[in-house]
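Below you'll find the structure, written out as structure tokens, and then a few comments.
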Amino acid sequence: MAATSSSATIAIPGQLLGPASKFQPGPGTHIHESNLYSSLLGLVHVNQPTKAPGPVKRLNKITPAPPPAELPTISVSRSAVSDKRETLPEVGNTVLCRVIRITPRQAVVAILICGETVLDAEWQGLIRVQDVRATEKDRVKIYESFRPGDIVRAEVVSFLSPTLPFTRRFYADAAY
Amino acid sequence: MASTQHALLSPAELAYLHASLSLTPPIRPDGRAANQFRPLAAETGILPGTNGSARICFADGTEAIVGVKAEVERTRRGDGGREDGVEYVSSRLEGDFVEGVSSGEGAIAAVDEADRVGESEWVELSVEIPGARDDDAGTVFLAAMLAEALLAGGEFAKKLWINRRFHWKLYLDILLISPPLSYPLPLLSLTTHLALLATRLPRLKSEGDEDPFFDDDWAAAPYLYARKDGKATARPPVSLLVMAVGNNIIFDPSKEELAVADVALAVSVGEETATTTAAEADEAQQQQQPLGRNLRLLSVRTIDPPSRLTPPGVPNATNSAYGAATTQKQPEARAAESEAVEGVWKAPRGGAKALVMAALVQKALMRGGVADEVLDALDAVDLVA
Amino acid sequence: MTDRRRVNGPVGSTNPPVFEDEPEQEFGAQKGIRTRTPTATRKMYLKTGVTPSASGSAYLEIEASRKGAVSGLKLSCTVHGPRSLPRSTPFSPHIILSTHVKYAPFATKQRRGYIRDPTERDLGSHLETALRGAIIADRWPKSGVDIIISIVEGDHDRETSKSQGGEAWDMMNALSGCITVASAALADAGIDCVDTVAGGVAALVRDEGDDTTPRIVIDPIPSEHEQILAACCVAYLPDRDEITNLWFKGDLPASDMELYSQLVEKGIQASRNSNEVIVNSLLISTREQQPHERHDGTTRMHIAFNLQR
């Protein structure tokens with residue numbers, strides 16, 4: 001597991017956190033002129049990397065040349081500062097949602113909880129008929145699977161790109 | 001707002017455009033030089049029902065017409081707040097009057113015609129952009145910008161003074177009659193400029209503070225901006241659109257160019273008249289010397305560049321289609337924070353350095369600069385009222 | 001018996017309240033002459049998290065001038081969001097920012113209606129430009145945020161009966177306050193920003209008596225000066241040393257660019273001062289939130305930063 005060294009430094013937006021060559025940007029930070037700056041008001045956390053670099057770390061890799069997995073990730077979190085924290089559902093998140101409306105092709109859901117966070121605002125998602133289960137996808141009927149009001153645990157599979165037809169909502173893959 | 005409407009360009013196109021505009025000298029999509037305006041066709045006096053009108057058509061097909069209408073209005077007591085319509089009592093001490101009202105309008109040269117004071121309420125300027133609501137933020141912003149330049153210094157409002165009890169109320173109606181293919185500020189400003197130059201008000205026959213009475217002969221009507229030998233001695237302001245990309249400063253950007261701007265400014269420039277006397281001007285003309293214009297900076301506004309709302313490109317290093325190592329599970333995970341990669345478009349963040357902003361204004365205003373050129377070009381337009 | 005049908009007066013005798021007379025002001029004080037140094041901003045009070053129902057909020061108060069009848073500026077800003085966009089909006093890879101600036105009907109000498117007038121819309125677009133540069137918009141795709149500012153009390157001179165044209169210059173002060181308060185509220189709402197943007201105003205003024213030398217002052221109050229020749233309002237990111245919004249208005253000779261640059265420079269200085277207030281206020285409110293550092297007993301904290309330099 002990653003060793004977490006948390007210092008109670010308060011960062012304000014625009015505060016210099018360190019050079020981009022020494023840290024990897026985590027949530028709540030941004031890069032400007034090869035330096036890492038805070039972009040939120042919150043507490044600074046430095047996460048030391050695990051010895052064996054996991055694939056998740058490599059997502060943040062910028063160039064393939066240096067071994068970036070050695071770098072600690074610096075992030076600014078608001079959890080200690082404010083109990084209100086809006087999060088945006090992201091691909092891979094597990095969400096709890098309530099079915100609002102069903103059509104033969106999809107179920108429209110309202111995402112209530114994303115990961116560990118109870119959301120303030122209501123974000124909408126879609127469960128397409130082909131995403132309801134992994135097998136026998138062509139036999140799935142939405143009205144046999146969901147009823148409006150059902151609470152569904154789902155995984156976010158797509159964060160639609162603007163070229164796809166249903167562009168506004170989060171697709172949620174129902175996982176049973 | 002009008003400037004932020006999306007130019008439908010892909011990240012690759014944006015990156016290409018940004019790169020070619022950052023070259024020295026910049027290569028613009030339409031082949032213009034950095035400080036070259038789009039060619040335009042202009043005419044004045046197109047609307048017989050107005051006191052002054054103008055039409056300008058840019059080569060890209062955007063077209064605007066401006067009509068100026070004037071009405072005589074009773075001057076209210078200058079307390080701004082109360083609209084009780086109390087007529088100004090002419091027996092009041094003149095000094096008092098000047099003291100009370102002129103100070104606010106910020107007239108610099110108020111000493112000469114100290115008894116004439118204007119108020120900004122005497123000018124009503126409205127802008128109409130097809131497809132945008134009247135109360136759209138962009139439209140309001142444009143109207144405020146044009147009005148601000150016109151009223152700066154308080155000189156313009158003074159021209160509308162008839163006597164202590166009456167003034168002209170000037171309505172400027174600015175209509176964009178083509179769809180807004182580019183940010184319409186330069187077009188609207190130039191058209192307004194011409195329309196005001198062509199504006200004539202009936203000649204006043206009455207004297208003093210009596211009810212105004214005008215000459216019916218339209219041919220005798222003087223121009224709002226007085227002229228000498230067919231040339232206007234004073235001129236309304238013009239607003240120029242300037243943007244910076246990299247180290248380059250580009251004037252009159254098209255919509256596509258604006259979509260990659262680092263910063264865009266609207267600079268309003270007026271021409272000073274008070275200092276050069278008629279004799280000096282004559283002398284300069286006789287000597288065939290280009291009379292240097294005494295330009296004045298009237299207003300600067302930052303235009304929100306639409307580049308901030310452009311879609312970012314994905315560098316190959318993080319693009320799974322190019323063999324970047326991304327997890328199977330998250331093919332569409334949001335792009336991680338990364339440094340700018342050469343050739344990959346990234347919407348600009350933050351603002352612009354103060355020096356860049358100053359350079360933009362400087363370049364517009366300097367002697368023989370773009371503002372000079374534009375005013376010279378507008379001089380060449382025949383004015384028909 | 002008590003008469004329950006009527007509202008009776010009190011049984012005993014009462015004394016009508018007697019208010020103290022307003023102190024006699026001498027003519028100089030009446031006119032309102034700037035007593036601060038040219039590089040001093042007025043004191044301001046900024047507090048974040050004042051509206052519990054909003055995602056983020058802030059309240060800004062700028063001290064009234066010495067002259068009794070000139071009220072200070074009081075602004076309240078609420079940030080709602082990020083939240084999902086309504087179904088009808090097209091896809092956006094960025095957060096959609098919408099700014100509303102509204103004067104309360106009683107905020108200025110002239111009553112404002114409930115519908116936003118062009119001045120307020122204009123202020124809204126200036127504010128939008130200023131904030132758009134500060135926000136990292138791609139952190140919140142498909143989302144929208146509403147920034148709503150109500151100007152509870154405008155910076156208006158209530159005593160002068162005559163219009164001085166000061167409203168146009170007051171707008172600059174109001175915008176600068178709007179930028180500062182919105183910046184604090186955005187940080188409170190946890191929306192990613194590159195920096196804490198702050199507003200500042202500088203003006204070229206001519207005072208009574210000295211007609212010859214106009215001088216540059218920061219944070220001007222129109223009624224304190226004989227004439228304002230030009231003014232500029234700057235939205236500035238201090239850590240990045242960048243300007244996100246510049247609004248200049250006035251009448252300056254183009255040959256004297258030095259004067260213009262100085263004006264902008266002073267505007268930046270003013271916004272640095274406001275930024276200091278934002279930073280301190282954010283740090284204090286953050287410390288308050290942290291459970292292990294919470295002081296007890298102090299329910300109300302009054303933070304006033306004196307920026308006299």
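Quick note on naming: the chains in the structure tokens go A, B, ... in the order shown, residues restart at 1 in each chain, and ligands are numbered from 1 in order of appearance.
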* **Residues of range 67-151 of chain A in alpha helix (DSSP H), written as a PyMOL selection string** => chain A and resi 142-145
Writer output for current selection, C-alpha atoms, as a PDB file, in the first residue's frame:
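Contents of part_11.pdb, freshly written:
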ATOM      1  CA  ILE A 142     -35.010  -2.920 -19.775  1.00  0.00           C
ATOM      2  CA  TYR A 143     -38.479  -3.219 -18.295  1.00  0.00           C
ATOM      3  CA  GLU A 144     -37.658  -6.671 -16.957  1.00  0.00           C
ATOM      4  CA  SER A 145     -34.491  -5.371 -15.356  1.00  0.00           C
TER       5      SER A 145
END
* **Contact set, chain C to chain B: 7 Å, only C-alpha atoms, as a ChimeraX atom specification** => /C:93-94,109-110,118,121-122,125,129,133-134,136,161-166,194,226-229,241-254,257,261
* Just the strand (DSSP E or B) stuff from range 115-298 of chain C, please, per backbone DSSP, written as a ChimeraX atom specification. => /C:135,143-153,157,193,198-206,215-218,227-237,242-253
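You can rank B:Thr199, B:Ser10, B:Thr192, B:Asn51 by their closest distance to chain A using only C-alpha atoms, and at the top of that list sits B:Ser10.
Between CA of Ile129 in chain B and CA of Leu176 in chain B there is a distance of 5.3 Å.
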* To do: For chain C, list the residues within 8 Å of chain A, counting only C-alpha atoms, and write the list as a count of residues only.
  => 28
* Asked: Could you work out how far CA of Glu373 in chain B lies from CA of Asn248 in chain B, giving the answer in Å with one decimal?
  -> 19.0 Å
* Please identify all polymer residues within 8 Å of Ser176 in chain C, counting only C-alpha atoms, omitting same-chain residues fewer than 5 positions from it, and present them as a PyMOL selection string. => chain C and resi 198-201+233-235
With C-alpha atoms retained, write the just-selected residues as a JSON list (two decimals), in the first residue's frame.
[["chain", "number", "residue", "atom", "x", "y", "z"],
["C", 198, "ALA", "CA", -8.47, 39.87, -7.02],
["C", 199, "GLY", "CA", -9.75, 43.19, -8.26],
["C", 200, "GLY", "CA", -8.18, 46.58, -7.89],
["C", 201, "VAL", "CA", -8.95, 50.09, -9.10],
["C", 233, "CYS", "CA", -10.03, 48.21, -12.98],
["C", 234, "VAL", "CA", -7.71, 45.24, -13.04],
["C", 235, "ALA", "CA", -8.35, 41.60, -12.23]]
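As for CA of Ala317 in chain B and CA of Val46 in chain A, they are spaced 24.9 Å apart.
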